[in-house]
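A.B. asks: Here you go, this is protein38.cif (mmCIF, C-alpha atoms and all ligand atoms).
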```
data_input
#
loop_
_atom_site.label_atom_id
_atom_site.label_comp_id
_atom_site.auth_asym_id
_atom_site.auth_seq_id
_atom_site.Cartn_x
_atom_site.Cartn_y
_atom_site.Cartn_z
CA MET A 10 -89.78 10.49 16.57
CA GLU A 11 -87.69 13.61 16.21
CA ILE A 12 -86.12 13.02 19.61
CA LEU A 13 -85.29 9.43 18.60
CA SER A 14 -83.69 10.53 15.35
CA THR A 15 -81.68 13.20 17.22
CA ILE A 16 -80.43 10.59 19.71
CA SER A 17 -79.60 8.24 16.84
CA PHE A 18 -77.67 11.06 15.10
CA LEU A 19 -75.63 11.67 18.28
CA VAL A 20 -74.77 8.07 19.10
CA ARG A 21 -74.24 6.72 15.58
CA PRO A 22 -70.52 6.42 14.80
CA THR A 23 -69.50 8.84 12.09
CA THR A 24 -68.30 7.17 8.95
CA LEU A 25 -66.04 9.95 7.82
CA ASN A 26 -63.00 7.81 7.12
CA LEU A 27 -62.01 10.09 4.31
CA PRO A 28 -58.60 10.15 2.61
CA PRO A 29 -55.84 12.34 4.09
CA THR A 30 -56.11 14.67 1.09
CA PHE A 31 -59.64 15.56 2.25
CA THR A 32 -58.55 16.42 5.80
CA HIS A 33 -55.60 18.41 4.41
CA GLY A 34 -58.13 20.19 2.18
CA LEU A 35 -60.20 21.00 5.29
CA LEU A 36 -57.15 22.65 6.85
CA LEU A 37 -56.29 24.62 3.70
CA GLY A 38 -59.93 25.68 3.32
CA PHE A 39 -59.99 26.86 6.90
CA LEU A 40 -56.73 28.77 6.47
CA ALA A 41 -58.22 30.52 3.42
CA ILE A 42 -61.45 31.39 5.30
CA LYS A 43 -59.45 32.59 8.30
CA PHE A 44 -57.24 34.89 6.20
CA ILE A 45 -60.32 36.31 4.40
CA LEU A 46 -61.99 36.98 7.78
CA LEU A 47 -58.74 38.53 9.03
CA LEU A 48 -58.62 40.86 6.01
CA ILE A 49 -62.27 41.88 6.52
CA LEU A 50 -61.80 42.58 10.25
CA GLU A 51 -58.48 44.38 9.61
CA SER A 52 -60.09 46.59 6.94
CA TYR A 53 -62.67 47.72 9.52
CA CYS A 54 -59.75 48.71 11.77
CA ALA A 55 -58.22 51.02 9.14
CA ASN A 56 -58.00 53.92 11.61
CA GLU A 57 -56.00 51.86 14.10
CA VAL A 58 -53.74 50.61 11.28
CA ARG A 59 -53.14 54.25 10.23
CA VAL A 60 -52.25 55.21 13.82
CA LEU A 61 -49.73 52.34 14.00
CA LEU A 62 -48.19 53.13 10.60
CA GLY A 63 -47.88 56.82 11.54
CA ARG A 64 -45.68 56.03 14.53
CA LYS A 65 -41.90 55.85 14.61
CA GLY A 66 -41.09 52.23 13.81
CA GLY A 67 -44.78 51.52 13.13
CA LYS A 68 -44.28 50.34 9.56
CA SER A 69 -41.61 47.80 10.46
CA LEU A 70 -43.71 46.60 13.41
CA TYR A 71 -46.72 46.09 11.13
CA LEU A 72 -44.56 44.21 8.60
CA ALA A 73 -43.23 42.05 11.44
CA ALA A 74 -46.83 41.25 12.45
CA ILE A 75 -47.72 40.22 8.88
CA TRP A 76 -44.60 38.04 8.67
CA ALA A 77 -45.39 36.43 12.05
CA ASN A 78 -48.91 35.56 10.82
CA LEU A 79 -47.55 33.92 7.66
CA ARG A 80 -44.71 32.13 9.49
CA ASN A 81 -46.96 30.77 12.23
CA ASP A 82 -50.03 29.86 10.16
CA VAL A 83 -48.36 28.71 6.94
CA LEU A 84 -44.87 27.46 7.84
CA ILE A 85 -45.20 26.14 11.42
CA GLY A 86 -48.91 25.30 11.79
CA PRO A 87 -49.37 22.78 8.93
CA PRO A 88 -46.37 20.54 9.83
CA MET A 89 -47.60 20.41 13.44
CA TYR A 90 -51.07 19.61 12.11
CA HIS A 91 -49.53 16.73 10.17
CA VAL A 92 -47.96 15.40 13.40
CA VAL A 93 -51.34 15.64 15.18
CA VAL A 94 -53.17 13.85 12.34
CA THR A 95 -50.56 11.13 12.00
CA TYR A 96 -49.57 10.39 15.60
CA ILE A 97 -52.14 11.88 17.99
CA CYS A 98 -55.67 11.66 16.61
CA THR A 99 -57.63 8.47 17.00
CA GLN A 100 -58.91 6.87 13.81
CA GLY A 101 -62.31 6.42 15.45
CA PRO A 102 -64.95 6.29 14.30
CA LEU A 103 -66.42 8.42 17.11
CA THR A 104 -70.07 9.18 17.61
CA ARG A 105 -71.16 12.80 17.26
CA ALA A 106 -71.69 12.96 21.03
CA GLU A 107 -68.10 11.74 21.54
CA GLN A 108 -66.87 14.32 19.01
CA ALA A 109 -68.77 17.09 20.84
CA ARG A 110 -67.23 15.94 24.14
CA SER A 111 -63.77 15.92 22.51
CA VAL A 112 -64.21 19.47 21.17
CA MET A 113 -65.33 20.74 24.59
CA GLY A 114 -62.50 18.86 26.31
CA ILE A 115 -59.84 20.26 23.97
CA LEU A 116 -61.18 23.80 24.53
CA VAL A 117 -61.03 23.34 28.33
CA VAL A 118 -57.55 21.73 28.37
CA GLU A 119 -56.16 24.29 25.90
CA GLY A 120 -57.73 27.14 27.87
CA LEU A 121 -56.31 25.97 31.21
CA LEU A 122 -52.82 25.39 29.79
CA PHE A 123 -52.84 28.73 27.95
CA PHE A 124 -53.89 30.52 31.15
CA TRP A 125 -50.97 29.05 33.12
CA ILE A 126 -48.40 29.42 30.33
CA HIS A 127 -49.47 33.00 29.56
CA ARG A 128 -49.44 33.91 33.28
CA ALA A 129 -45.95 32.37 33.55
CA PHE A 130 -44.75 34.54 30.63
CA HIS A 131 -45.66 37.58 32.73
CA LYS A 132 -44.68 36.36 36.20
CA VAL A 133 -41.76 33.94 35.86
CA ARG A 134 -38.41 35.59 35.42
CA GLY A 135 -36.73 34.52 32.20
CA LEU A 136 -39.87 33.74 30.19
CA TRP A 137 -40.91 37.24 29.14
CA TRP A 138 -38.77 37.17 25.97
CA MET A 139 -41.19 34.65 24.42
CA HIS A 140 -44.19 36.95 24.92
CA ARG A 141 -42.57 40.38 24.46
CA PHE A 142 -43.35 40.69 20.73
CA HIS A 143 -47.12 40.18 21.25
CA HIS A 144 -47.15 43.05 23.76
CA LYS A 145 -45.63 45.47 21.28
CA PHE A 146 -49.31 45.81 20.28
CA ASN A 147 -50.60 47.25 23.53
CA ASP A 148 -52.36 50.52 22.83
CA VAL A 149 -52.94 49.68 19.16
CA VAL A 150 -54.34 46.15 19.03
CA LEU A 151 -55.34 44.76 15.63
CA PRO A 152 -56.87 41.49 14.41
CA SER A 153 -53.48 40.78 12.81
CA SER A 154 -51.85 41.00 16.24
CA ALA A 155 -53.74 37.84 17.32
CA ASN A 156 -51.11 35.65 15.71
CA ALA A 157 -48.31 38.19 15.96
CA VAL A 158 -46.39 36.08 18.44
CA SER A 159 -42.87 34.72 18.55
CA THR A 160 -42.18 31.23 17.23
CA ALA A 161 -41.58 30.01 20.80
CA GLU A 162 -44.90 31.43 21.99
CA PHE A 163 -46.76 29.97 19.00
CA VAL A 164 -45.35 26.49 19.65
CA PHE A 165 -45.53 26.41 23.47
CA ALA A 166 -48.66 28.48 24.15
CA TYR A 167 -50.73 28.02 20.99
CA MET A 168 -49.96 24.61 19.48
CA ILE A 169 -48.82 22.31 22.29
CA PRO A 170 -51.92 22.95 24.50
CA ILE A 171 -54.15 21.85 21.57
CA LEU A 172 -51.93 18.82 21.00
CA ILE A 173 -52.15 17.86 24.71
CA GLY A 174 -55.93 18.44 24.68
CA ALA A 175 -56.37 16.17 21.64
CA THR A 176 -54.21 13.49 23.31
CA ILE A 177 -56.09 13.59 26.63
CA MET A 178 -59.49 13.56 24.94
CA ASN A 179 -58.50 10.81 22.46
CA ALA A 180 -59.97 13.11 19.83
CA ASP A 181 -60.35 12.38 16.15
CA ILE A 182 -59.18 14.70 13.39
CA TYR A 183 -62.56 16.41 12.98
CA SER A 184 -62.91 17.23 16.69
CA THR A 185 -59.34 18.54 16.77
CA LEU A 186 -59.87 20.69 13.67
CA CYS A 187 -63.20 21.98 14.98
CA ALA A 188 -61.65 22.99 18.34
CA THR A 189 -58.70 24.60 16.51
CA TYR A 190 -61.11 26.59 14.29
CA ILE A 191 -63.02 27.85 17.35
CA ILE A 192 -59.75 28.87 19.05
CA GLN A 193 -58.40 30.65 15.96
CA ILE A 194 -61.60 32.54 15.16
CA THR A 195 -62.30 33.63 18.76
CA ASN A 196 -58.65 34.70 19.00
CA LEU A 197 -59.27 37.08 16.09
CA PHE A 198 -62.44 38.43 17.76
CA ILE A 199 -60.72 39.24 21.07
CA HIS A 200 -58.09 41.26 19.14
CA THR A 201 -60.68 43.29 17.19
CA PRO A 202 -61.17 46.71 18.85
CA PHE A 203 -64.61 47.48 17.38
CA LEU A 204 -65.96 44.33 19.06
CA GLU A 205 -65.04 45.70 22.49
CA GLY A 206 -68.19 45.64 24.59
CA HIS A 207 -69.97 43.44 22.04
CA TRP A 208 -68.11 40.11 22.01
CA PRO A 209 -69.30 37.76 23.36
CA SER A 210 -72.08 39.93 24.75
CA SER A 211 -72.85 43.52 25.61
CA LYS A 212 -73.34 42.52 29.28
CA GLN A 213 -69.64 41.96 29.87
CA ASN A 214 -68.62 40.12 33.05
CA LYS A 215 -72.03 40.26 34.67
CA SER A 216 -73.79 37.15 33.50
CA PHE A 217 -73.66 34.41 30.90
CA PRO A 218 -72.02 34.52 28.37
CA GLY A 219 -69.86 37.48 29.44
CA TRP A 220 -68.78 35.85 32.71
CA VAL A 221 -67.89 32.48 31.18
CA PHE A 222 -66.15 33.54 27.97
CA VAL A 223 -63.22 35.87 27.31
CA GLY A 224 -64.55 39.14 25.95
CA THR A 225 -62.74 41.50 23.61
CA SER A 226 -62.75 44.08 26.42
CA ASP A 227 -61.08 41.54 28.77
CA HIS A 228 -58.23 40.86 26.35
CA LEU A 229 -57.76 44.51 25.35
CA HIS A 230 -57.57 45.28 29.08
CA HIS A 231 -54.80 42.68 29.31
CA HIS A 232 -52.89 44.36 26.46
CA ARG A 233 -53.24 47.80 28.05
CA HIS A 234 -52.46 46.92 31.68
CA MET A 235 -50.86 43.43 31.68
CA THR A 236 -52.13 42.77 35.21
CA ALA A 237 -55.03 40.35 34.68
CA HIS A 238 -57.17 38.52 32.12
CA TYR A 239 -54.53 35.96 31.20
CA SER A 240 -57.13 33.57 29.76
CA ALA A 241 -57.69 33.45 26.02
CA PRO A 242 -59.40 33.00 23.71
CA VAL A 243 -62.51 31.02 24.77
CA PHE A 244 -63.08 30.31 28.49
CA HIS A 245 -62.29 32.93 31.13
CA PHE A 246 -60.48 30.85 33.75
CA ASP A 247 -59.12 33.92 35.55
CA ARG A 248 -62.49 34.41 37.22
CA VAL A 249 -62.07 31.03 38.93
CA LEU A 250 -58.28 30.52 39.12
CA ASP A 251 -57.11 34.11 39.63
CA GLY A 252 -59.98 35.32 41.79
CA SER A 253 -57.91 37.83 43.76
CA LYS A 254 -58.06 40.13 40.76
CA THR A 255 -61.04 42.37 40.34
CA GLU A 256 -62.78 43.02 37.06
CA SER A 257 -60.57 46.08 36.62
CA GLY A 258 -57.53 43.85 36.91
CA LYS A 259 -56.28 45.46 40.11
CA GLN A 260 -55.41 43.48 43.22
CA LYS A 261 -58.08 43.70 45.91
ZN ZN B 301 -53.35 39.34 22.68
ZN ZN B 302 -49.77 38.86 27.93
#
```
Re-express the file's structure as structure tokens.
C.D. replies:
Amino acid sequence: MEILSTISFLVRPTTLNLPPTFTHGLLLGFLAIKFILLLILESYCANEVRVLLGRKGGKSLYLAAIWANLRNDVLIGPPMYHVVVTYICTQGPLTRAEQARSVMGILVVEGLLFFWIHRAFHKVRGLWWMHRFHHKFNDVVLPSSANAVSTAEFVFAYMIPILIGATIMNADIYSTLCATYIIQITNLFIHTPFLEGHWPSSKQNKSFPGWVFVGTSDHLHHHRHMTAHYSAPVFHFDRVLDGSKTESGKQK
């Protein structure tokens, strides 16, 4: 009976045709939770913050990071969210199985597009200017540097891949929000130095989940060396698409 009720739960269309104010509330609630989590993680990185602030130009760089977080998450993100809700997301209703498929599909599409766009920032002449600001945080990486990206990078590498993923997957608002939450939270984790060697597992790169998912150590390696680990923040596509690079990021 339990199996039958589980199957029924998965295939029954969701009836969450809630008013737009509710879905906007979901976004605002998530933003609040994300900023609280960011503050908690940042407070555990107080030593790294002190090192950055003690450097020449460190204070203005840290202020620029805070401004970039507010600009991207508060000024640019919500209007783009409104576009996604209004013009991209299907009204459904989708079954829970369809929603799960949509979430997974958005994560895969977003991950693949981010990998190629991010790699292009590093390898295609003329694109580096969009990514330069994020790599000002190379030896001192902080949770707040996760969204410390230029407006162009935020739009082209962060938002548009999610928008394309939601379009391809014919996702509803809940699937799109869920995938966005996963992307935003894991992006914080891969920029949190004390999680190096622990996220997503202590057995980095050797077996599941370390081989499949981007680890904090992978992304910090990218910040330090800029030669590999272009994938972020969920699936590690480099291991399949950029196989000529070794785990250390050096060409074989
Ligand atoms: Zn980064
Ligand atoms: Zn980079």
A.B. asks: Atom CA of Thr176 of chain A to atom CA of Cys98 of chain A: how many Å, to one decimal?
C.D. replies: 7.1 Å
A.B. asks: Just give me the gap between atom CA of His131 of chain A and atom CA of Met235 of chain A in Å, one decimal is fine.
C.D. replies: 7.9 Å
A.B. asks: Can you work out which residues are within 7 Å of ligand ZN 301 (chain B), considering only C-alpha atoms and all ligand atoms, and then hand them over as an mmCIF file with C-alpha atoms, in the coordinates of the input?
C.D. replies:
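Saved the output as pocket_24.cif:
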```cif
data_model
loop_
_atom_site.group_PDB
_atom_site.id
_atom_site.type_symbol
_atom_site.label_atom_id
_atom_site.label_comp_id
_atom_site.auth_asym_id
_atom_site.auth_seq_id
_atom_site.Cartn_x
_atom_site.Cartn_y
_atom_site.Cartn_z
ATOM 1 C CA HIS A 143 -47.120 40.180 21.250
ATOM 2 C CA SER A 154 -51.850 41.000 16.240
ATOM 3 C CA ALA A 155 -53.740 37.840 17.320
ATOM 4 C CA HIS A 200 -58.090 41.260 19.140
ATOM 5 C CA HIS A 228 -58.230 40.860 26.350
ATOM 6 C CA HIS A 232 -52.890 44.360 26.460
#
```
A.B. asks: Quick one: contact table of chain A to ligand ZN 302 (chain B), 12 Å max, nearest atom pair and distance in Å to one decimal per residue, counting all atoms listed in the file, chain and number order, as a Markdown table?
C.D. replies:
```
| residue | atom | partner | partner_atom | distance |
| --- | --- | --- | --- | --- |
| A:Phe123 | CA | B:ZN302 | ZN | 10.6 |
| A:Phe124 | CA | B:ZN302 | ZN | 9.8 |
| A:Trp125 | CA | B:ZN302 | ZN | 11.2 |
| A:Ile126 | CA | B:ZN302 | ZN | 9.8 |
| A:His127 | CA | B:ZN302 | ZN | 6.1 |
| A:Arg128 | CA | B:ZN302 | ZN | 7.3 |
| A:Ala129 | CA | B:ZN302 | ZN | 9.4 |
| A:Phe130 | CA | B:ZN302 | ZN | 7.2 |
| A:His131 | CA | B:ZN302 | ZN | 6.4 |
| A:Lys132 | CA | B:ZN302 | ZN | 10.0 |
| A:Leu136 | CA | B:ZN302 | ZN | 11.4 |
| A:Trp137 | CA | B:ZN302 | ZN | 9.1 |
| A:Trp138 | CA | B:ZN302 | ZN | 11.3 |
| A:Met139 | CA | B:ZN302 | ZN | 10.2 |
| A:His140 | CA | B:ZN302 | ZN | 6.6 |
| A:Arg141 | CA | B:ZN302 | ZN | 8.1 |
| A:Phe142 | CA | B:ZN302 | ZN | 9.8 |
| A:His143 | CA | B:ZN302 | ZN | 7.3 |
| A:His144 | CA | B:ZN302 | ZN | 6.5 |
| A:Lys145 | CA | B:ZN302 | ZN | 10.2 |
| A:Phe146 | CA | B:ZN302 | ZN | 10.3 |
| A:Asn147 | CA | B:ZN302 | ZN | 9.5 |
| A:Ala155 | CA | B:ZN302 | ZN | 11.4 |
| A:Val158 | CA | B:ZN302 | ZN | 10.5 |
| A:Glu162 | CA | B:ZN302 | ZN | 10.7 |
| A:Ala166 | CA | B:ZN302 | ZN | 11.1 |
| A:Asp227 | CA | B:ZN302 | ZN | 11.7 |
| A:His228 | CA | B:ZN302 | ZN | 8.8 |
| A:Leu229 | CA | B:ZN302 | ZN | 10.1 |
| A:His230 | CA | B:ZN302 | ZN | 10.2 |
| A:His231 | CA | B:ZN302 | ZN | 6.5 |
| A:His232 | CA | B:ZN302 | ZN | 6.5 |
| A:Arg233 | CA | B:ZN302 | ZN | 9.6 |
| A:His234 | CA | B:ZN302 | ZN | 9.3 |
| A:Met235 | CA | B:ZN302 | ZN | 6.0 |
| A:Thr236 | CA | B:ZN302 | ZN | 8.6 |
| A:Ala237 | CA | B:ZN302 | ZN | 8.7 |
| A:His238 | CA | B:ZN302 | ZN | 8.5 |
| A:Tyr239 | CA | B:ZN302 | ZN | 6.5 |
| A:Ser240 | CA | B:ZN302 | ZN | 9.2 |
| A:Ala241 | CA | B:ZN302 | ZN | 9.8 |
```
A.B. asks: Give me, as a PyMOL selection string, all polymer residues having an atom no more than 12 Å from Tyr167 of chain A, counting all atoms listed in the file and skipping those fewer than 5 positions away in the same chain.
C.D. replies: chain A and resi 81-82+85-86+89+116+118-124+126-127+140+155-162+172-174+189+192-193+196+241-242
A.B. asks: Could you list, as a ChimeraX atom specification, every residue within 10 Å of Leu50 of chain A, counting all atoms listed in the file and ignoring same-chain residues fewer than 5 positions away?
C.D. replies: /A:44-45,55,151-153,197-198,200-204
A.B. asks: If you measure from atom CA of Ala73 of chain A to atom CA of Phe163 of chain A, what distance in Å do you get, rounded to one decimal?
C.D. replies: 14.7 Å
A.B. asks: When you look at Ile177 of chain A with a cut-off of 10 Å (counting all atoms listed in the file), what residues show up, excluding the ones that are within fewer than 6 positions of it in the same chain? I need them as a ChimeraX atom specification.
C.D. replies: /A:97,111,114-115,118,171
A.B. asks: Might you pull out every residue within 9 Å of Tyr183 of chain A, with all atoms listed in the file counted and same-chain residues fewer than 2 positions away left off, and present them as a ChimeraX atom specification?
C.D. replies: /A:25,32,108,112,180-181,185-188
A.B. asks: Nearest to Phe246 of chain A among A:Ala106, A:Ile75, A:Ile182, A:Val117, with distances taken over all atoms listed in the file: which residue is it?
C.D. replies: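 Closest to Phe246 of chain A, using all atoms listed in the file: A:Val117.
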A.B. asks: With a distance cut-off of 10 Å and all atoms listed in the file, select the neighbouring residues of Glu57 of chain A, excluding the residue or stretch itself and same-chain residues fewer than 6 positions from it, and output the selection as an NGL selection string.
C.D. replies: :A and (51 or 63 or 148-151 or 202)
A.B. asks: Using all atoms listed in the file for the distances, tell me which of A:Val249, A:Ser184, A:Ile199, A:Pro88 is nearest to Glu107 of chain A.
C.D. replies: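 Between A:Val249, A:Ser184, A:Ile199, A:Pro88, the residue approaching Glu107 of chain A most closely is A:Ser184.
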A.B. asks: For Trp220 of chain A, which residue among A:Phe244, A:Phe165, A:Phe31, A:Gly206 is the nearest when counting all atoms listed in the file?
C.D. replies: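 Smallest distance to Trp220 of chain A is found for A:Phe244.
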A.B. asks: When you get a chance, write out all heavy atoms for segment 77-88 of chain A, as a PDB file, in the frame of the given file.
C.D. replies:
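Saved file rebuild10.pdb follows:
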```pdb
ATOM      1  N   ALA A  77     -45.128  37.396  10.975  1.00  0.00           N
ATOM      2  CA  ALA A  77     -45.390  36.430  12.050  1.00  0.00           C
ATOM      3  C   ALA A  77     -46.649  35.617  11.745  1.00  0.00           C
ATOM      4  O   ALA A  77     -46.693  34.401  11.976  1.00  0.00           O
ATOM      5  CB  ALA A  77     -45.535  37.149  13.391  1.00  0.00           C
ATOM      6  N   ASN A  78     -47.681  36.271  11.192  1.00  0.00           N
ATOM      7  CA  ASN A  78     -48.910  35.560  10.820  1.00  0.00           C
ATOM      8  C   ASN A  78     -48.619  34.484   9.777  1.00  0.00           C
ATOM      9  O   ASN A  78     -49.077  33.342   9.892  1.00  0.00           O
ATOM     10  CB  ASN A  78     -49.946  36.537  10.257  1.00  0.00           C
ATOM     11  CG  ASN A  78     -50.806  37.147  11.347  1.00  0.00           C
ATOM     12  OD1 ASN A  78     -51.874  36.641  11.643  1.00  0.00           O
ATOM     13  ND2 ASN A  78     -50.329  38.207  11.980  1.00  0.00           N
ATOM     14  N   LEU A  79     -47.852  34.872   8.740  1.00  0.00           N
ATOM     15  CA  LEU A  79     -47.550  33.920   7.660  1.00  0.00           C
ATOM     16  C   LEU A  79     -46.660  32.789   8.168  1.00  0.00           C
ATOM     17  O   LEU A  79     -46.904  31.612   7.896  1.00  0.00           O
ATOM     18  CB  LEU A  79     -46.866  34.649   6.495  1.00  0.00           C
ATOM     19  CG  LEU A  79     -47.756  35.658   5.767  1.00  0.00           C
ATOM     20  CD1 LEU A  79     -46.944  36.442   4.745  1.00  0.00           C
ATOM     21  CD2 LEU A  79     -48.910  34.934   5.059  1.00  0.00           C
ATOM     22  N   ARG A  80     -45.637  33.149   8.955  1.00  0.00           N
ATOM     23  CA  ARG A  80     -44.710  32.130   9.490  1.00  0.00           C
ATOM     24  C   ARG A  80     -45.459  31.129  10.367  1.00  0.00           C
ATOM     25  O   ARG A  80     -45.320  29.913  10.209  1.00  0.00           O
ATOM     26  CB  ARG A  80     -43.608  32.835  10.294  1.00  0.00           C
ATOM     27  CG  ARG A  80     -42.554  31.893  10.873  1.00  0.00           C
ATOM     28  CD  ARG A  80     -41.690  32.632  11.884  1.00  0.00           C
ATOM     29  NE  ARG A  80     -42.490  33.065  13.008  1.00  0.00           N
ATOM     30  CZ  ARG A  80     -42.303  34.204  13.679  1.00  0.00           C
ATOM     31  NH1 ARG A  80     -41.352  35.035  13.342  1.00  0.00           N
ATOM     32  NH2 ARG A  80     -43.082  34.516  14.697  1.00  0.00           N
ATOM     33  N   ASN A  81     -46.286  31.657  11.286  1.00  0.00           N
ATOM     34  CA  ASN A  81     -46.960  30.770  12.230  1.00  0.00           C
ATOM     35  C   ASN A  81     -48.052  29.928  11.561  1.00  0.00           C
ATOM     36  O   ASN A  81     -48.151  28.730  11.794  1.00  0.00           O
ATOM     37  CB  ASN A  81     -47.564  31.581  13.380  1.00  0.00           C
ATOM     38  CG  ASN A  81     -46.481  32.210  14.249  1.00  0.00           C
ATOM     39  OD1 ASN A  81     -45.368  31.696  14.319  1.00  0.00           O
ATOM     40  ND2 ASN A  81     -46.791  33.322  14.890  1.00  0.00           N
ATOM     41  N   ASP A  82     -48.875  30.573  10.736  1.00  0.00           N
ATOM     42  CA  ASP A  82     -50.030  29.860  10.160  1.00  0.00           C
ATOM     43  C   ASP A  82     -49.681  29.014   8.953  1.00  0.00           C
ATOM     44  O   ASP A  82     -50.353  28.020   8.679  1.00  0.00           O
ATOM     45  CB  ASP A  82     -51.117  30.875   9.751  1.00  0.00           C
ATOM     46  CG  ASP A  82     -52.015  31.209  10.922  1.00  0.00           C
ATOM     47  OD1 ASP A  82     -52.003  30.461  11.904  1.00  0.00           O
ATOM     48  OD2 ASP A  82     -52.732  32.220  10.841  1.00  0.00           O
ATOM     49  N   VAL A  83     -48.649  29.419   8.194  1.00  0.00           N
ATOM     50  CA  VAL A  83     -48.360  28.710   6.940  1.00  0.00           C
ATOM     51  C   VAL A  83     -47.135  27.800   7.069  1.00  0.00           C
ATOM     52  O   VAL A  83     -47.141  26.677   6.561  1.00  0.00           O
ATOM     53  CB  VAL A  83     -48.151  29.727   5.785  1.00  0.00           C
ATOM     54  CG1 VAL A  83     -47.827  29.007   4.485  1.00  0.00           C
ATOM     55  CG2 VAL A  83     -49.401  30.587   5.618  1.00  0.00           C
ATOM     56  N   LEU A  84     -46.095  28.264   7.785  1.00  0.00           N
ATOM     57  CA  LEU A  84     -44.870  27.460   7.840  1.00  0.00           C
ATOM     58  C   LEU A  84     -44.824  26.513   9.040  1.00  0.00           C
ATOM     59  O   LEU A  84     -44.351  25.389   8.927  1.00  0.00           O
ATOM     60  CB  LEU A  84     -43.628  28.380   7.875  1.00  0.00           C
ATOM     61  CG  LEU A  84     -43.430  29.286   6.651  1.00  0.00           C
ATOM     62  CD1 LEU A  84     -42.172  30.120   6.801  1.00  0.00           C
ATOM     63  CD2 LEU A  84     -43.339  28.439   5.374  1.00  0.00           C
ATOM     64  N   ILE A  85     -45.310  26.962  10.207  1.00  0.00           N
ATOM     65  CA  ILE A  85     -45.200  26.140  11.420  1.00  0.00           C
ATOM     66  C   ILE A  85     -46.475  25.331  11.672  1.00  0.00           C
ATOM     67  O   ILE A  85     -46.418  24.159  12.031  1.00  0.00           O
ATOM     68  CB  ILE A  85     -44.887  27.024  12.649  1.00  0.00           C
ATOM     69  CG1 ILE A  85     -43.583  27.782  12.415  1.00  0.00           C
ATOM     70  CG2 ILE A  85     -44.787  26.173  13.917  1.00  0.00           C
ATOM     71  CD1 ILE A  85     -43.246  28.778  13.497  1.00  0.00           C
ATOM     72  N   GLY A  86     -47.642  25.959  11.482  1.00  0.00           N
ATOM     73  CA  GLY A  86     -48.910  25.300  11.790  1.00  0.00           C
ATOM     74  C   GLY A  86     -49.150  24.002  11.031  1.00  0.00           C
ATOM     75  O   GLY A  86     -49.390  22.950  11.644  1.00  0.00           O
ATOM     76  N   PRO A  87     -49.073  23.999   9.684  1.00  0.00           N
ATOM     77  CA  PRO A  87     -49.370  22.780   8.930  1.00  0.00           C
ATOM     78  C   PRO A  87     -48.493  21.569   9.266  1.00  0.00           C
ATOM     79  O   PRO A  87     -49.017  20.463   9.412  1.00  0.00           O
ATOM     80  CB  PRO A  87     -49.223  23.224   7.461  1.00  0.00           C
ATOM     81  CG  PRO A  87     -49.574  24.674   7.507  1.00  0.00           C
ATOM     82  CD  PRO A  87     -49.012  25.176   8.803  1.00  0.00           C
ATOM     83  N   PRO A  88     -47.149  21.733   9.439  1.00  0.00           N
ATOM     84  CA  PRO A  88     -46.370  20.540   9.830  1.00  0.00           C
ATOM     85  C   PRO A  88     -46.801  19.987  11.189  1.00  0.00           C
ATOM     86  O   PRO A  88     -46.854  18.766  11.376  1.00  0.00           O
ATOM     87  CB  PRO A  88     -44.919  21.063   9.889  1.00  0.00           C
ATOM     88  CG  PRO A  88     -44.912  22.265   9.034  1.00  0.00           C
ATOM     89  CD  PRO A  88     -46.268  22.875   9.147  1.00  0.00           C
TER      90      PRO A  88
END
```
